[in-house]
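Peer 1: Pasting in a structure now, in structure tokens, and then I'll have a few things to ask.
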Amino acid sequence: MTKPKKAKSYQAPRGMHDILPEDQKYWRYLQKKAESLLEDYGFDRIDTPILEDVDVFLKGVGDATDIVSKELYTLNTKGGDHLVLRPEGTASIARAYIEHGMHVRPHPLKLYYWGAMFRHDQPQRGRYRQFFQFGLETIGDASEAVDAELIFVGWRFLESIGLKGINVQINTIGDQNCRPAYIRALRDFYKARTKKICDSCRERIKENVLRVLDCKEPGCRTIMQEAPQIMDFLDVDCKNHFRRVMEFLDAADVPYVLNPYLVRGLDYYTRTVFEFVPEDRADGAPVLSVGGGGRYDRLIELLGGSKTPASGLALGLDRIVAELKERDISVPDTVAKPKVFLVQLGDAAKRKSLPLFEEIRRAGIRIKSSLGRDSVKAQLRIAHRLEVKYALIFGQKEALDGTVIAREMETGVQENIPLEKIVDELKKRLRE
Ligand code: AMP
């Protein structure tokens with residue numbers, strides 16, 4: 001006899017994960033918190049498609065960045081379009097800003113988004129191939145106050161959900177006037193040390209030398225301590241901009257540290273860059289930033305719009321949920337618990353159960369049922385597990401009489417109630 005073939009067991013794609021019902025409360029909570037804070041600060045929601053034309057990222061983010069050169073999920077459509085799953089939100093917002101002629105709207109334009117991003121990276125703890133971000137963009141304002149406001153709102157959000165002790169790291173990377181001299185100095189410095197740095201950094205020197213400062217290899221980190229620092233290359237305008245960002249943060253009591261090696265992975269940043277980094281972990285595992293952002297004064301122009309200064313921030317929701325869990329921070333479950341369970345028995349009752357359920361639901365009473373089940377015992381067991389206050393037992397006899405039995409779960413006391421009175425009766429008893 002041939003053995004039956006074992007069915008293939010399917011899994012979510014590598015680096016992607018399901019969000020199970022028991023975890024939904026975290027996501028609901030974060031979304032609610034974010035929405036109320038962002039509305040207070042005058043940000044309007046925008047949603048863009050998950051797919052974009054590849055050029056939005058090639059031109060906007062730059063092909064010397066990891067997320068574009070190595071990590072894009074690409075898709076050639078039957079119609080001949082070359083699309084990608086978006087790896088981040090800002091370039092899409094810039095594309096939408098230009099496409100919809102948003103430059104005529106009152107500025108600064110303050111927008112926020114929430115959604116899945118995709119990067120074909122090496123999956124590991126806290127690094128997924130599909131992850132969720134919510135982000136803020138303030139478009140049309142070059143002032144340092146905007147950068148400080150974004151940092152403040154991001155930090156406030158993290159604090160408001162109980163993530164204390166988040167380190168705000170900030171830096172500036174200058175602009176197109178002063179950065180080229182710094183890049184030359186950095187390249188010369190590393191070219192003289194190619195033997196001492198890792199293979200990836202040797203590549204980075206050619207393509208995007210700033211990224212060398214992102215390297216986590218111990219050897220490269222030691223050498224970095226002696227590398228030239230951007231502060232010594234800033235022109236007066238960039239220096240003043242950065243100084244004033246810090247003054248704003250001081251005035252708002254946002255604790256921050258200056259990290260001269262913070263450059264961030266994307267090409268489009270100018271001047272201010274920042275990251276939100278949790279405190280060191282007790283288990284010594286590397287800490288992962290929960291958010292970051294910066295000013296991107298040239299992005300809209302790079303995508304074909306007019307010269308428009310802008311600044312933004314993105315927070316990584318998967319990492320924030322992981323932090324909440326690791327720190328044992330409980331979040332309220334905003335879905336109200338059911339108060340009533342409808343137990344039905346027999347065909348006539350089962351058929352009338354749906355309208356009865358609907359009537360009670362419409363009266364604003366949280367009710368559950370299990371219409372597929374026939375056994376009263378099994379249904380009462382579920383009612384018990386759900387910790388409802390009342391079980392309504394609706395059998396053949398009750399369906400004919402036009403009544404229903406209300407059973408108080410705690411005492412087991414049962415009472416027959418006419419169907420037309422059940423809503424009022426439940427309302428009264430649940431208020432007590
Ligand atoms: P970025 O868009 O790279 O500036 O990232 C902003 C934030 O998104 C980070 O601070 C992380 O919290 C989150 N993030 C970025 N990449 C990933 C990833 N591969 N997996 C999970 N979260 C990520």
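Naming scheme: A, B, ... for chains in displayed order of the structure tokens; residues 1 onward per chain; ligands 1 onward as shown.
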Residues of chain A that have any atom at most 7 Å from an atom of ligand 1: could you tabulate them with the shortest-distance atom pair and the distance in Å to one decimal, using only C-alpha atoms and all ligand atoms, ordered by chain and increasing number, as JSON lines?
Peer 2:
{"residue": "A:Glu88", "atom": "CA", "partner": "ligand 1", "partner_atom_place_in_ligand_line": "2 (O)", "distance": 5.6}
{"residue": "A:Arg119", "atom": "CA", "partner": "ligand 1", "partner_atom_place_in_ligand_line": "19 (N)", "distance": 6.1}
{"residue": "A:Asp121", "atom": "CA", "partner": "ligand 1", "partner_atom_place_in_ligand_line": "19 (N)", "distance": 6.5}
{"residue": "A:Gly126", "atom": "CA", "partner": "ligand 1", "partner_atom_place_in_ligand_line": "21 (C)", "distance": 5.2}
{"residue": "A:Arg127", "atom": "CA", "partner": "ligand 1", "partner_atom_place_in_ligand_line": "20 (N)", "distance": 3.5}
{"residue": "A:Tyr128", "atom": "CA", "partner": "ligand 1", "partner_atom_place_in_ligand_line": "20 (N)", "distance": 3.9}
{"residue": "A:Arg129", "atom": "CA", "partner": "ligand 1", "partner_atom_place_in_ligand_line": "19 (N)", "distance": 5.5}
{"residue": "A:Gln130", "atom": "CA", "partner": "ligand 1", "partner_atom_place_in_ligand_line": "20 (N)", "distance": 6.8}
{"residue": "A:Phe131", "atom": "CA", "partner": "ligand 1", "partner_atom_place_in_ligand_line": "21 (C)", "distance": 5.1}
{"residue": "A:Phe132", "atom": "CA", "partner": "ligand 1", "partner_atom_place_in_ligand_line": "22 (N)", "distance": 6.9}
{"residue": "A:Gln133", "atom": "CA", "partner": "ligand 1", "partner_atom_place_in_ligand_line": "8 (O)", "distance": 5.9}
{"residue": "A:Arg264", "atom": "CA", "partner": "ligand 1", "partner_atom_place_in_ligand_line": "4 (O)", "distance": 6.8}
{"residue": "A:Gly265", "atom": "CA", "partner": "ligand 1", "partner_atom_place_in_ligand_line": "3 (O)", "distance": 6.6}
{"residue": "A:Glu275", "atom": "CA", "partner": "ligand 1", "partner_atom_place_in_ligand_line": "10 (O)", "distance": 6.7}
{"residue": "A:Phe276", "atom": "CA", "partner": "ligand 1", "partner_atom_place_in_ligand_line": "10 (O)", "distance": 6.9}
{"residue": "A:Ser289", "atom": "CA", "partner": "ligand 1", "partner_atom_place_in_ligand_line": "10 (O)", "distance": 4.3}
{"residue": "A:Val290", "atom": "CA", "partner": "ligand 1", "partner_atom_place_in_ligand_line": "12 (O)", "distance": 3.5}
{"residue": "A:Gly291", "atom": "CA", "partner": "ligand 1", "partner_atom_place_in_ligand_line": "10 (O)", "distance": 3.2}
{"residue": "A:Gly292", "atom": "CA", "partner": "ligand 1", "partner_atom_place_in_ligand_line": "6 (C)", "distance": 5.0}
{"residue": "A:Gly293", "atom": "CA", "partner": "ligand 1", "partner_atom_place_in_ligand_line": "4 (O)", "distance": 5.9}
{"residue": "A:Ala314", "atom": "CA", "partner": "ligand 1", "partner_atom_place_in_ligand_line": "6 (C)", "distance": 5.0}
{"residue": "A:Leu315", "atom": "CA", "partner": "ligand 1", "partner_atom_place_in_ligand_line": "7 (C)", "distance": 4.8}
{"residue": "A:Gly316", "atom": "CA", "partner": "ligand 1", "partner_atom_place_in_ligand_line": "12 (O)", "distance": 3.3}
{"residue": "A:Leu317", "atom": "CA", "partner": "ligand 1", "partner_atom_place_in_ligand_line": "12 (O)", "distance": 6.6}
{"residue": "A:Asp318", "atom": "CA", "partner": "ligand 1", "partner_atom_place_in_ligand_line": "21 (C)", "distance": 6.0}
{"residue": "A:Arg319", "atom": "CA", "partner": "ligand 1", "partner_atom_place_in_ligand_line": "12 (O)", "distance": 5.6}
Peer 1: Give me, as a PyMOL selection string, all polymer residues having an atom no more than 10 Å from Glu226 in chain A, counting only C-alpha atoms and skipping those fewer than 4 positions away in the same chain.
Peer 2: chain A and resi 189+221-222
Peer 1: Could you tell me which of A:Leu213, A:Arg14, A:Asp235, A:Tyr256 comes closest to Asn177 in chain A if we count only C-alpha atoms?
Peer 2: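 Closest residue, counting only C-alpha atoms: A:Asp235.
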Peer 1: Going by DSSP on the backbone, which residues of range 308-339 of chain A come out as strand (DSSP E)? List them as an NGL selection string.
Peer 2: :A and (310-316)
Peer 1: Those selected residues, please, written with C-alpha atoms and delivered as a short mmCIF file (atom, residue, chain, number, x, y, z; two decimals), in the first residue's frame.
Peer 2:
data_model
loop_
_atom_site.label_atom_id
_atom_site.label_comp_id
_atom_site.auth_asym_id
_atom_site.auth_seq_id
_atom_site.Cartn_x
_atom_site.Cartn_y
_atom_site.Cartn_z
CA ALA A 310 10.02 69.37 3.31
CA SER A 311 10.71 67.31 6.39
CA GLY A 312 9.40 63.96 7.58
CA LEU A 313 9.45 61.15 10.08
CA ALA A 314 8.55 57.45 9.99
CA LEU A 315 7.90 55.19 12.96
CA GLY A 316 8.23 51.41 12.70
#
